[in-house]
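Shown next: structure-v7.pdb, given as PDB, C-alpha atoms, pLDDT in the B column.
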```
ATOM      1  CA  MET A  57       0.000   0.000   0.000  1.00 61.00           C
ATOM      2  CA  PRO A  58       1.569   3.346  -1.018  1.00 85.00           C
ATOM      3  CA  ILE A  59       1.499   5.685   1.958  1.00 95.00           C
ATOM      4  CA  THR A  60       2.036   9.372   1.191  1.00 95.00           C
ATOM      5  CA  ARG A  61       3.222  12.152   3.477  1.00 97.00           C
ATOM      6  CA  ARG A  62       2.308  15.740   2.622  1.00 97.00           C
ATOM      7  CA  VAL A  63       3.404  18.784   4.614  1.00 98.00           C
ATOM      8  CA  ILE A  64       0.499  21.158   5.266  1.00 98.00           C
ATOM      9  CA  VAL A  65       1.327  24.735   6.297  1.00 98.00           C
ATOM     10  CA  HIS A  66      -1.802  26.401   7.628  1.00 97.00           C
ATOM     11  CA  GLU A  67      -2.950  29.446   9.528  1.00 96.00           C
ATOM     12  CA  GLY A  68      -4.325  29.266  13.038  1.00 95.00           C
ATOM     13  CA  PRO A  69      -4.654  31.259  16.243  1.00 97.00           C
ATOM     14  CA  GLY A  70      -1.229  32.829  16.769  1.00 94.00           C
ATOM     15  CA  GLY A  71       0.365  32.394  13.360  1.00 95.00           C
ATOM     16  CA  LEU A  72       1.443  29.659  10.964  1.00 98.00           C
ATOM     17  CA  PHE A  73       1.493  25.942  11.768  1.00 98.00           C
ATOM     18  CA  GLU A  74       3.131  23.018   9.991  1.00 98.00           C
ATOM     19  CA  SER A  75       1.283  19.708  10.140  1.00 98.00           C
ATOM     20  CA  MET A  76       1.654  16.497   8.154  1.00 98.00           C
ATOM     21  CA  ALA A  77      -1.058  14.637   6.236  1.00 98.00           C
ATOM     22  CA  VAL A  78      -0.437  10.890   5.944  1.00 98.00           C
ATOM     23  CA  PHE A  79      -2.670   8.688   3.791  1.00 96.00           C
ATOM     24  CA  ASP A  80      -2.921   5.963   1.182  1.00 92.00           C
ATOM     25  CA  ASP A  81      -2.691   7.931  -2.060  1.00 87.00           C
ATOM     26  CA  ALA A  82      -4.330   5.106  -3.997  1.00 85.00           C
ATOM     27  CA  ALA A  83      -7.591   5.114  -2.030  1.00 81.00           C
ATOM     28  CA  PRO A  84     -10.310   6.458  -4.345  1.00 79.00           C
ATOM     29  CA  GLU A  85     -12.721   7.906  -1.797  1.00 87.00           C
ATOM     30  CA  PRO A  86     -12.521  10.269   1.177  1.00 95.00           C
ATOM     31  CA  ARG A  87     -12.038   8.284   4.362  1.00 96.00           C
ATOM     32  CA  PRO A  88     -12.320   8.937   8.100  1.00 97.00           C
ATOM     33  CA  GLY A  89      -9.813  11.533   9.269  1.00 98.00           C
ATOM     34  CA  ILE A  90      -7.731  10.938  12.380  1.00 98.00           C
ATOM     35  CA  LEU A  91      -5.995  13.813  14.136  1.00 98.00           C
ATOM     36  CA  LEU A  92      -2.756  12.671  15.749  1.00 98.00           C
ATOM     37  CA  PHE A  93      -1.525  14.935  18.557  1.00 98.00           C
ATOM     38  CA  PRO A  94       2.163  14.473  19.489  1.00 98.00           C
ATOM     39  CA  ASN A  95       3.755  14.645  22.913  1.00 97.00           C
ATOM     40  CA  VAL A  96       5.464  17.628  24.524  1.00 97.00           C
ATOM     41  CA  LEU A  97       8.182  17.751  21.859  1.00 97.00           C
ATOM     42  CA  GLY A  98       5.847  18.520  18.957  1.00 97.00           C
ATOM     43  CA  THR A  99       5.682  16.810  15.580  1.00 98.00           C
ATOM     44  CA  LYS A 100       8.594  14.502  14.694  1.00 97.00           C
ATOM     45  CA  GLU A 101       9.529  11.379  12.774  1.00 97.00           C
ATOM     46  CA  ALA A 102       8.150   9.007  15.424  1.00 97.00           C
ATOM     47  CA  ASP A 103       4.712  10.600  15.002  1.00 98.00           C
ATOM     48  CA  PHE A 104       4.855  10.357  11.217  1.00 98.00           C
ATOM     49  CA  ALA A 105       5.813   6.680  11.453  1.00 97.00           C
ATOM     50  CA  TYR A 106       2.918   5.970  13.853  1.00 98.00           C
ATOM     51  CA  ALA A 107       0.610   7.864  11.506  1.00 98.00           C
ATOM     52  CA  GLU A 108       1.668   5.561   8.667  1.00 97.00           C
ATOM     53  CA  ARG A 109       0.595   2.543  10.734  1.00 97.00           C
ATOM     54  CA  VAL A 110      -2.819   4.126  11.281  1.00 97.00           C
ATOM     55  CA  ALA A 111      -3.132   5.238   7.654  1.00 96.00           C
ATOM     56  CA  ALA A 112      -2.477   1.651   6.574  1.00 95.00           C
ATOM     57  CA  LEU A 113      -5.740   0.739   8.326  1.00 95.00           C
ATOM     58  CA  GLY A 114      -7.668   2.895   5.865  1.00 94.00           C
ATOM     59  CA  TYR A 115      -7.665   6.311   7.534  1.00 97.00           C
ATOM     60  CA  ALA A 116      -6.336   9.712   6.554  1.00 97.00           C
ATOM     61  CA  VAL A 117      -4.123  10.893   9.420  1.00 98.00           C
ATOM     62  CA  PHE A 118      -3.256  14.503  10.207  1.00 98.00           C
ATOM     63  CA  VAL A 119      -0.232  14.867  12.499  1.00 98.00           C
ATOM     64  CA  ALA A 120      -1.248  18.119  14.123  1.00 98.00           C
ATOM     65  CA  ASP A 121       1.047  21.027  14.924  1.00 98.00           C
ATOM     66  CA  ILE A 122      -0.437  23.177  17.674  1.00 98.00           C
ATOM     67  CA  PHE A 123       2.793  24.843  18.847  1.00 98.00           C
ATOM     68  CA  GLY A 124       3.538  26.788  15.658  1.00 97.00           C
ATOM     69  CA  GLN A 125       5.840  26.429  12.690  1.00 97.00           C
ATOM     70  CA  GLY A 126       9.425  25.795  13.758  1.00 94.00           C
ATOM     71  CA  ARG A 127       8.513  25.520  17.440  1.00 96.00           C
ATOM     72  CA  ARG A 128       9.807  22.078  18.416  1.00 96.00           C
ATOM     73  CA  THR A 129      11.985  20.789  21.234  1.00 95.00           C
ATOM     74  CA  THR A 130      14.052  17.678  21.990  1.00 93.00           C
ATOM     75  CA  ARG A 131      14.758  15.716  25.137  1.00 90.00           C
ATOM     76  CA  ALA A 132      18.187  17.363  25.261  1.00 90.00           C
ATOM     77  CA  ASP A 133      16.541  20.772  25.597  1.00 91.00           C
ATOM     78  CA  PRO A 134      16.671  21.962  29.242  1.00 89.00           C
ATOM     79  CA  ASP A 135      13.284  23.624  28.735  1.00 93.00           C
ATOM     80  CA  MET A 136      11.679  21.038  26.491  1.00 92.00           C
ATOM     81  CA  GLY A 137       8.189  21.782  27.823  1.00 94.00           C
ATOM     82  CA  ARG A 138       8.124  25.515  27.133  1.00 96.00           C
ATOM     83  CA  TYR A 139       5.608  25.396  24.254  1.00 97.00           C
ATOM     84  CA  MET A 140       3.356  23.036  26.167  1.00 97.00           C
ATOM     85  CA  THR A 141       3.507  25.366  29.176  1.00 97.00           C
ATOM     86  CA  GLU A 142       2.308  28.295  27.060  1.00 97.00           C
ATOM     87  CA  LEU A 143      -0.837  26.377  26.180  1.00 97.00           C
ATOM     88  CA  ASN A 144      -1.356  24.978  29.664  1.00 97.00           C
ATOM     89  CA  ASP A 145      -1.317  28.588  30.870  1.00 97.00           C
ATOM     90  CA  ASP A 146      -3.931  29.662  28.293  1.00 98.00           C
ATOM     91  CA  ARG A 147      -6.474  26.880  27.950  1.00 98.00           C
ATOM     92  CA  ALA A 148      -8.771  29.088  25.826  1.00 97.00           C
ATOM     93  CA  LEU A 149      -6.030  29.570  23.219  1.00 98.00           C
ATOM     94  CA  PHE A 150      -5.278  25.858  23.517  1.00 98.00           C
ATOM     95  CA  ARG A 151      -8.936  25.036  22.786  1.00 98.00           C
ATOM     96  CA  ASP A 152      -9.027  27.404  19.821  1.00 98.00           C
ATOM     97  CA  ARG A 153      -5.908  25.882  18.267  1.00 98.00           C
ATOM     98  CA  LEU A 154      -7.307  22.381  18.658  1.00 98.00           C
ATOM     99  CA  ASN A 155     -10.513  23.319  16.882  1.00 98.00           C
ATOM    100  CA  ALA A 156      -8.625  25.182  14.159  1.00 98.00           C
ATOM    101  CA  VAL A 157      -6.444  22.194  13.333  1.00 98.00           C
ATOM    102  CA  HIS A 158      -9.498  19.935  13.332  1.00 98.00           C
ATOM    103  CA  ALA A 159     -11.165  22.259  10.832  1.00 98.00           C
ATOM    104  CA  ARG A 160      -8.047  22.236   8.656  1.00 98.00           C
ATOM    105  CA  MET A 161      -7.985  18.447   8.586  1.00 98.00           C
ATOM    106  CA  LYS A 162     -11.651  18.309   7.629  1.00 98.00           C
ATOM    107  CA  SER A 163     -10.912  20.534   4.613  1.00 97.00           C
ATOM    108  CA  LEU A 164      -8.570  17.962   3.028  1.00 96.00           C
ATOM    109  CA  ASP A 165      -9.875  16.188  -0.062  1.00 95.00           C
ATOM    110  CA  GLU A 166      -8.810  12.839   1.398  1.00 95.00           C
ATOM    111  CA  VAL A 167     -10.942  13.290   4.542  1.00 97.00           C
ATOM    112  CA  ASP A 168     -14.628  12.572   4.974  1.00 97.00           C
ATOM    113  CA  GLU A 169     -15.403  15.644   7.057  1.00 97.00           C
ATOM    114  CA  GLY A 170     -18.382  13.960   8.683  1.00 97.00           C
ATOM    115  CA  ARG A 171     -16.248  11.131  10.094  1.00 98.00           C
ATOM    116  CA  THR A 172     -13.326  12.265  12.229  1.00 98.00           C
ATOM    117  CA  ALA A 173     -11.576  11.218  15.423  1.00 98.00           C
ATOM    118  CA  ALA A 174      -8.438  12.089  17.380  1.00 98.00           C
ATOM    119  CA  ILE A 175      -5.608  10.231  19.065  1.00 98.00           C
ATOM    120  CA  GLY A 176      -2.821  11.679  21.181  1.00 98.00           C
ATOM    121  CA  PHE A 177       0.190  10.830  23.299  1.00 98.00           C
ATOM    122  CA  CYS A 178       1.135  12.387  26.674  1.00 98.00           C
ATOM    123  CA  PHE A 179       0.385  16.099  26.161  1.00 98.00           C
ATOM    124  CA  GLY A 180      -1.324  14.946  22.972  1.00 98.00           C
ATOM    125  CA  GLY A 181      -3.693  12.920  25.132  1.00 98.00           C
ATOM    126  CA  LYS A 182      -4.633  16.147  26.857  1.00 98.00           C
ATOM    127  CA  CYS A 183      -5.243  17.615  23.385  1.00 98.00           C
ATOM    128  CA  VAL A 184      -7.725  14.820  22.667  1.00 98.00           C
ATOM    129  CA  LEU A 185      -9.562  15.418  25.934  1.00 98.00           C
ATOM    130  CA  ASP A 186      -9.695  19.192  25.558  1.00 98.00           C
ATOM    131  CA  LEU A 187     -10.930  18.879  21.964  1.00 98.00           C
ATOM    132  CA  ALA A 188     -13.736  16.640  23.207  1.00 98.00           C
ATOM    133  CA  ARG A 189     -14.391  19.007  26.120  1.00 98.00           C
ATOM    134  CA  SER A 190     -14.788  21.860  23.630  1.00 98.00           C
ATOM    135  CA  GLY A 191     -17.774  20.083  22.066  1.00 98.00           C
ATOM    136  CA  ALA A 192     -15.969  19.360  18.806  1.00 98.00           C
ATOM    137  CA  ASP A 193     -17.814  17.079  16.405  1.00 97.00           C
ATOM    138  CA  ILE A 194     -15.267  14.283  16.490  1.00 98.00           C
ATOM    139  CA  ALA A 195     -16.818  10.834  16.715  1.00 98.00           C
ATOM    140  CA  GLY A 196     -14.300   9.761  19.323  1.00 98.00           C
ATOM    141  CA  GLY A 197     -10.855  10.135  20.796  1.00 98.00           C
ATOM    142  CA  VAL A 198      -8.072   7.970  22.206  1.00 98.00           C
ATOM    143  CA  SER A 199      -5.676   9.262  24.874  1.00 98.00           C
ATOM    144  CA  PHE A 200      -2.445   7.329  25.371  1.00 98.00           C
ATOM    145  CA  HIS A 201      -0.703   8.050  28.711  1.00 98.00           C
ATOM    146  CA  GLY A 202      -2.356  11.468  28.715  1.00 98.00           C
ATOM    147  CA  VAL A 203      -2.739  14.337  31.153  1.00 98.00           C
ATOM    148  CA  TYR A 204      -6.173  14.632  32.700  1.00 98.00           C
ATOM    149  CA  ASP A 205      -6.658  18.025  34.391  1.00 97.00           C
ATOM    150  CA  ALA A 206      -9.771  19.836  33.197  1.00 96.00           C
ATOM    151  CA  PRO A 207      -9.798  23.453  31.960  1.00 97.00           C
ATOM    152  CA  PRO A 208     -10.634  26.233  34.448  1.00 95.00           C
ATOM    153  CA  PHE A 209     -13.903  26.964  32.645  1.00 95.00           C
ATOM    154  CA  PRO A 210     -17.041  24.906  31.944  1.00 93.00           C
ATOM    155  CA  ASN A 211     -16.929  22.323  29.188  1.00 94.00           C
ATOM    156  CA  ALA A 212     -19.271  22.269  26.240  1.00 96.00           C
ATOM    157  CA  VAL A 213     -21.425  19.189  25.807  1.00 97.00           C
ATOM    158  CA  ILE A 214     -19.106  16.245  25.115  1.00 98.00           C
ATOM    159  CA  THR A 215     -20.441  14.213  22.204  1.00 97.00           C
ATOM    160  CA  ALA A 216     -17.273  12.218  21.444  1.00 98.00           C
ATOM    161  CA  LYS A 217     -16.773   8.700  22.729  1.00 98.00           C
ATOM    162  CA  LEU A 218     -13.479   8.377  24.598  1.00 98.00           C
ATOM    163  CA  LEU A 219     -10.940   5.622  25.175  1.00 98.00           C
ATOM    164  CA  ILE A 220      -8.283   6.318  27.812  1.00 98.00           C
ATOM    165  CA  CYS A 221      -5.227   4.031  27.619  1.00 98.00           C
ATOM    166  CA  HIS A 222      -3.466   4.514  30.923  1.00 98.00           C
ATOM    167  CA  GLY A 223      -0.399   3.221  32.728  1.00 98.00           C
ATOM    168  CA  TRP A 224      -1.477   2.580  36.311  1.00 98.00           C
ATOM    169  CA  ASP A 225       1.915   3.622  37.700  1.00 97.00           C
ATOM    170  CA  ASP A 226       2.005   6.890  35.733  1.00 98.00           C
ATOM    171  CA  PRO A 227       3.341   9.600  38.086  1.00 97.00           C
ATOM    172  CA  ILE A 228       1.861  12.354  35.889  1.00 96.00           C
ATOM    173  CA  ALA A 229      -1.631  10.861  36.150  1.00 97.00           C
ATOM    174  CA  PRO A 230      -1.823   9.143  39.551  1.00 96.00           C
ATOM    175  CA  PRO A 231      -4.912   7.149  40.578  1.00 96.00           C
ATOM    176  CA  GLU A 232      -6.695  10.161  42.048  1.00 97.00           C
ATOM    177  CA  ALA A 233      -6.347  12.060  38.740  1.00 97.00           C
ATOM    178  CA  THR A 234      -7.617   9.075  36.810  1.00 98.00           C
ATOM    179  CA  VAL A 235     -10.627   8.695  39.108  1.00 98.00           C
ATOM    180  CA  ALA A 236     -11.300  12.432  38.811  1.00 97.00           C
ATOM    181  CA  LEU A 237     -11.337  12.137  35.023  1.00 98.00           C
ATOM    182  CA  ALA A 238     -13.737   9.190  35.193  1.00 98.00           C
ATOM    183  CA  ARG A 239     -15.992  11.202  37.491  1.00 98.00           C
ATOM    184  CA  GLU A 240     -15.853  14.232  35.170  1.00 98.00           C
ATOM    185  CA  LEU A 241     -16.740  12.189  32.091  1.00 98.00           C
ATOM    186  CA  THR A 242     -19.501  10.327  33.901  1.00 98.00           C
ATOM    187  CA  GLU A 243     -21.084  13.565  35.090  1.00 97.00           C
ATOM    188  CA  ALA A 244     -20.856  14.875  31.505  1.00 97.00           C
ATOM    189  CA  GLY A 245     -22.802  11.858  30.239  1.00 97.00           C
ATOM    190  CA  CYS A 246     -19.883  10.819  28.059  1.00 97.00           C
ATOM    191  CA  ASP A 247     -19.485   7.337  26.587  1.00 98.00           C
ATOM    192  CA  TRP A 248     -16.046   6.523  28.025  1.00 98.00           C
ATOM    193  CA  GLN A 249     -13.764   3.620  28.840  1.00 98.00           C
ATOM    194  CA  ILE A 250     -10.426   3.391  30.611  1.00 98.00           C
ATOM    195  CA  HIS A 251      -7.916   0.631  29.917  1.00 98.00           C
ATOM    196  CA  ALA A 252      -5.366   0.610  32.727  1.00 98.00           C
ATOM    197  CA  TYR A 253      -2.135  -1.356  32.322  1.00 98.00           C
ATOM    198  CA  GLY A 254      -0.375  -2.688  35.421  1.00 98.00           C
ATOM    199  CA  GLN A 255       3.378  -2.349  35.948  1.00 96.00           C
ATOM    200  CA  THR A 256       3.263   0.504  33.436  1.00 98.00           C
ATOM    201  CA  GLY A 257       4.209   4.147  33.801  1.00 97.00           C
ATOM    202  CA  HIS A 258       4.142   7.221  31.601  1.00 98.00           C
ATOM    203  CA  GLY A 259       5.155   7.194  27.947  1.00 97.00           C
ATOM    204  CA  PHE A 260       4.550   3.494  27.419  1.00 98.00           C
ATOM    205  CA  THR A 261       4.195   3.840  23.610  1.00 98.00           C
ATOM    206  CA  ASP A 262       7.386   5.887  23.276  1.00 97.00           C
ATOM    207  CA  HIS A 263      10.439   3.841  22.248  1.00 95.00           C
ATOM    208  CA  ASP A 264      12.678   6.740  23.306  1.00 93.00           C
ATOM    209  CA  ALA A 265      11.272   6.947  26.838  1.00 93.00           C
ATOM    210  CA  LYS A 266      14.182   5.695  28.959  1.00 92.00           C
ATOM    211  CA  MET A 267      13.770   7.131  32.451  1.00 92.00           C
ATOM    212  CA  PRO A 268      12.237   4.304  34.484  1.00 94.00           C
ATOM    213  CA  GLU A 269      13.511   5.899  37.709  1.00 94.00           C
ATOM    214  CA  LYS A 270      11.074   8.755  36.971  1.00 92.00           C
ATOM    215  CA  GLY A 271       8.215   6.485  35.960  1.00 94.00           C
ATOM    216  CA  LEU A 272       8.781   7.199  32.262  1.00 94.00           C
ATOM    217  CA  ALA A 273       9.565   4.165  30.096  1.00 97.00           C
ATOM    218  CA  TYR A 274       8.511   2.278  27.003  1.00 98.00           C
ATOM    219  CA  GLN A 275       6.423  -0.797  27.829  1.00 98.00           C
ATOM    220  CA  PRO A 276       6.022  -3.123  24.837  1.00 98.00           C
ATOM    221  CA  ASP A 277       3.039  -5.056  26.187  1.00 98.00           C
ATOM    222  CA  ALA A 278       1.050  -1.899  26.927  1.00 98.00           C
ATOM    223  CA  ASP A 279       2.088  -0.437  23.573  1.00 98.00           C
ATOM    224  CA  ARG A 280       0.849  -3.505  21.711  1.00 98.00           C
ATOM    225  CA  ARG A 281      -2.356  -3.811  23.722  1.00 98.00           C
ATOM    226  CA  SER A 282      -3.231  -0.129  23.462  1.00 98.00           C
ATOM    227  CA  PHE A 283      -2.681  -0.122  19.693  1.00 98.00           C
ATOM    228  CA  ARG A 284      -5.042  -3.082  19.375  1.00 98.00           C
ATOM    229  CA  ALA A 285      -7.579  -1.318  21.607  1.00 98.00           C
ATOM    230  CA  MET A 286      -7.363   1.781  19.416  1.00 98.00           C
ATOM    231  CA  VAL A 287      -7.878  -0.267  16.251  1.00 98.00           C
ATOM    232  CA  ASP A 288     -11.013  -1.864  17.701  1.00 98.00           C
ATOM    233  CA  PHE A 289     -12.292   1.467  19.016  1.00 98.00           C
ATOM    234  CA  LEU A 290     -11.887   3.257  15.676  1.00 98.00           C
ATOM    235  CA  GLY A 291     -13.431   0.289  13.914  1.00 97.00           C
ATOM    236  CA  ASP A 292     -16.517   0.580  16.090  1.00 98.00           C
ATOM    237  CA  LEU A 293     -16.740   4.339  15.512  1.00 97.00           C
ATOM    238  CA  PHE A 294     -16.703   4.059  11.759  1.00 97.00           C
ATOM    239  CA  ALA A 295     -18.323   0.678  11.162  1.00 91.00           C
TER     240      ALA A 295
END
```
The structure given in the file should be rewritten as structure tokens.
Amino acid sequence: MPITRRVIVHEGPGGLFESMAVFDDAAPEPRPGILLFPNVLGTKEADFAYAERVAALGYAVFVADIFGQGRRTTRADPDMGRYMTELNDDRALFRDRLNAVHARMKSLDEVDEGRTAAIGFCFGGKCVLDLARSGADIAGGVSFHGVYDAPPFPNAVITAKLLICHGWDDPIAPPEATVALARELTEAGCDWQIHAYGQTGHGFTDHDAKMPEKGLAYQPDADRRSFRAMVDFLGDLFA
């Protein structure tokens, strides 16, 4: 199957953004569009490679830039979370960027604008949740080892179904945060499910996560199981 990558430079709240569309160029019809939100570092090769795996399932994937063109960090950066912090400090701007990038994905010829979903990793998991909290018309969302704190303002009506893939030993999302998220989604009337993986910390899908002493490490079993759970979840959404 020929998988194509296409850089998409687009406008959004705060300037220009550089995302990546990933899809099977041979597919004749528009297909469900999947937003992929990266972790704290921003878009990178690991995200594009994951997007290719998802695109091979028959989806058009949009690796979403919400930090801004050229605004990326690495693990060697002493302030690698600075762009994430800007958005954490302005959840309204964060919400607006999420909805803008969703709208841009829906405008692609390869995407069936009436059938969209989102997946995200770490900070990207928070992106999925905040997009759903904004009332966006995504069919569903999958958060992998995400961050669960709610915005400091009321949510819109959540219509998206949500799958939370969670490492039980995640120090960034301890049990009380996970229970709080479940309570929030229940009170919102959301169709939600949480898959919690034992002996698993933060970043369990990330092959470059190598800080087990800080609860941050790749976990191949949780990676494999969560990918399978995502495949089944998306299949149910778009059956």
Around stretch 107-123 of chain A, fit a box with edges along x, y and z, padding it by 8 Å on each side, then list its centre and edge lengths in Å to one decimal as lines of an AutoDock Vina configuration file.
```
center_x = -2.4
center_y = 12.8
center_z = 12.4
size_x = 26.5
size_y = 40.1
size_z = 29.0
```
Computed interatomic separation between atom CA of A:Ala148 and atom CA of A:Ser190 (Å):
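About the pair atom CA of A:Ala148 and atom CA of A:Ser190: they are 9.7 Å apart.
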Name the residues captured by the PyMOL selection byres ((chain A and resi 192) around 8) when it is applied to the shown file; answer as a VMD selection string.
chain A and resid 155 187 to 191 193 to 194 214 to 216
Which residue out of A:Arg281, A:Arg239, A:Arg171, A:His66 has the minimum interatomic distance to A:Arg87 when only C-alpha atoms are used?
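Between A:Arg281, A:Arg239, A:Arg171, A:His66, the residue approaching A:Arg87 most closely is A:Arg171.
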Around (5.6, 10.4, 7.2) in the file's own coordinates, what residues are found within 12 Å if you use only C-alpha atoms, given back as a count of residues only?
30
Hits of the PyMOL selection byres ((chain A and resi 275) around 10) in this structure, as a PDB file with C-alpha atoms, in the coordinates of the input:
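As a result, expr_12.pdb now contains:
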```pdb
ATOM      1  CA  GLY A 223      -0.399   3.221  32.728  1.00 98.00           C
ATOM      2  CA  TYR A 253      -2.135  -1.356  32.322  1.00 98.00           C
ATOM      3  CA  GLN A 255       3.378  -2.349  35.948  1.00 96.00           C
ATOM      4  CA  THR A 256       3.263   0.504  33.436  1.00 98.00           C
ATOM      5  CA  GLY A 257       4.209   4.147  33.801  1.00 97.00           C
ATOM      6  CA  HIS A 258       4.142   7.221  31.601  1.00 98.00           C
ATOM      7  CA  GLY A 259       5.155   7.194  27.947  1.00 97.00           C
ATOM      8  CA  PHE A 260       4.550   3.494  27.419  1.00 98.00           C
ATOM      9  CA  THR A 261       4.195   3.840  23.610  1.00 98.00           C
ATOM     10  CA  ASP A 262       7.386   5.887  23.276  1.00 97.00           C
ATOM     11  CA  HIS A 263      10.439   3.841  22.248  1.00 95.00           C
ATOM     12  CA  ALA A 265      11.272   6.947  26.838  1.00 93.00           C
ATOM     13  CA  LEU A 272       8.781   7.199  32.262  1.00 94.00           C
ATOM     14  CA  ALA A 273       9.565   4.165  30.096  1.00 97.00           C
ATOM     15  CA  TYR A 274       8.511   2.278  27.003  1.00 98.00           C
ATOM     16  CA  PRO A 276       6.022  -3.123  24.837  1.00 98.00           C
ATOM     17  CA  ASP A 277       3.039  -5.056  26.187  1.00 98.00           C
ATOM     18  CA  ALA A 278       1.050  -1.899  26.927  1.00 98.00           C
ATOM     19  CA  ASP A 279       2.088  -0.437  23.573  1.00 98.00           C
ATOM     20  CA  ARG A 280       0.849  -3.505  21.711  1.00 98.00           C
TER      21      ARG A 280
END
```
When you look at A:Gly70 with a cut-off of 9 Å (counting all atoms listed in the file), what residues show up, excluding the ones that are within fewer than 3 positions of it in the same chain? I need them as number ranges by chain.
A: 67, 73, 124, 149, 153
Separation of atom CA of A:Arg151 and atom CA of A:Ala238, in Å?
20.7 Å
Selection near A:Ile122, 9 Å with all atoms listed in the file, sequence-local residues under 5 positions removed, as a list in words
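Selected residues are Gly68, Phe73, Glu74, Ser75, Phe93, Gly98, Phe150, Arg153, Leu154 and Val157 of chain A.
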Let me know the residues the PyMOL selection byres ((chain A and resi 207) around 10) catches in the file above, as a PyMOL selection string.
chain A and resi 144-148+150-151+186+189-190+204-206+208-211
Selection from above, C-alpha atoms, as a compact mmCIF listing (two decimals), in the coordinates of the input, can you write it?
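Below is the file that was written, part.txt:
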```txt
# COMPACT_ATOMS: atom_id res chain seq x y z
CA ASN A 144 -1.36 24.98 29.66
CA ASP A 145 -1.32 28.59 30.87
CA ASP A 146 -3.93 29.66 28.29
CA ARG A 147 -6.47 26.88 27.95
CA ALA A 148 -8.77 29.09 25.83
CA PHE A 150 -5.28 25.86 23.52
CA ARG A 151 -8.94 25.04 22.79
CA ASP A 186 -9.70 19.19 25.56
CA ARG A 189 -14.39 19.01 26.12
CA SER A 190 -14.79 21.86 23.63
CA TYR A 204 -6.17 14.63 32.70
CA ASP A 205 -6.66 18.02 34.39
CA ALA A 206 -9.77 19.84 33.20
CA PRO A 208 -10.63 26.23 34.45
CA PHE A 209 -13.90 26.96 32.65
CA PRO A 210 -17.04 24.91 31.94
CA ASN A 211 -16.93 22.32 29.19
```
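Residues lying within 7 Å of A:Gln249, counting all atoms listed in the file and ignoring same-chain neighbours fewer than 4 positions away, are Leu218, Leu219 and Ile220 of chain A.
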So what do you get for atom CA of A:Lys182 versus atom CA of A:Ala229, distance-wise?
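According to the coordinates, atom CA of A:Lys182 and atom CA of A:Ala229 are separated by 11.1 Å.
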Nearest residue to A:Ala120 from the set A:Leu92, A:Met286, A:Ala132, A:Val203 (distances using only C-alpha atoms):
A:Leu92
From the list A:Gly176, A:Gly114, A:Gly197, A:Gly89, which residue is nearest A:Lys162 when using only C-alpha atoms?
A:Gly89
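Proximity to A:Val65 was assessed for A:Asp121, A:Pro227, A:Asn95, A:Pro86 counting all atoms listed in the file; the smallest distance is recorded for A:Asp121.
Nearest to A:Asp168 of all the residues A:Pro88, A:Gly291, A:Gly271, A:Pro69 is A:Pro88, counting all atoms listed in the file.
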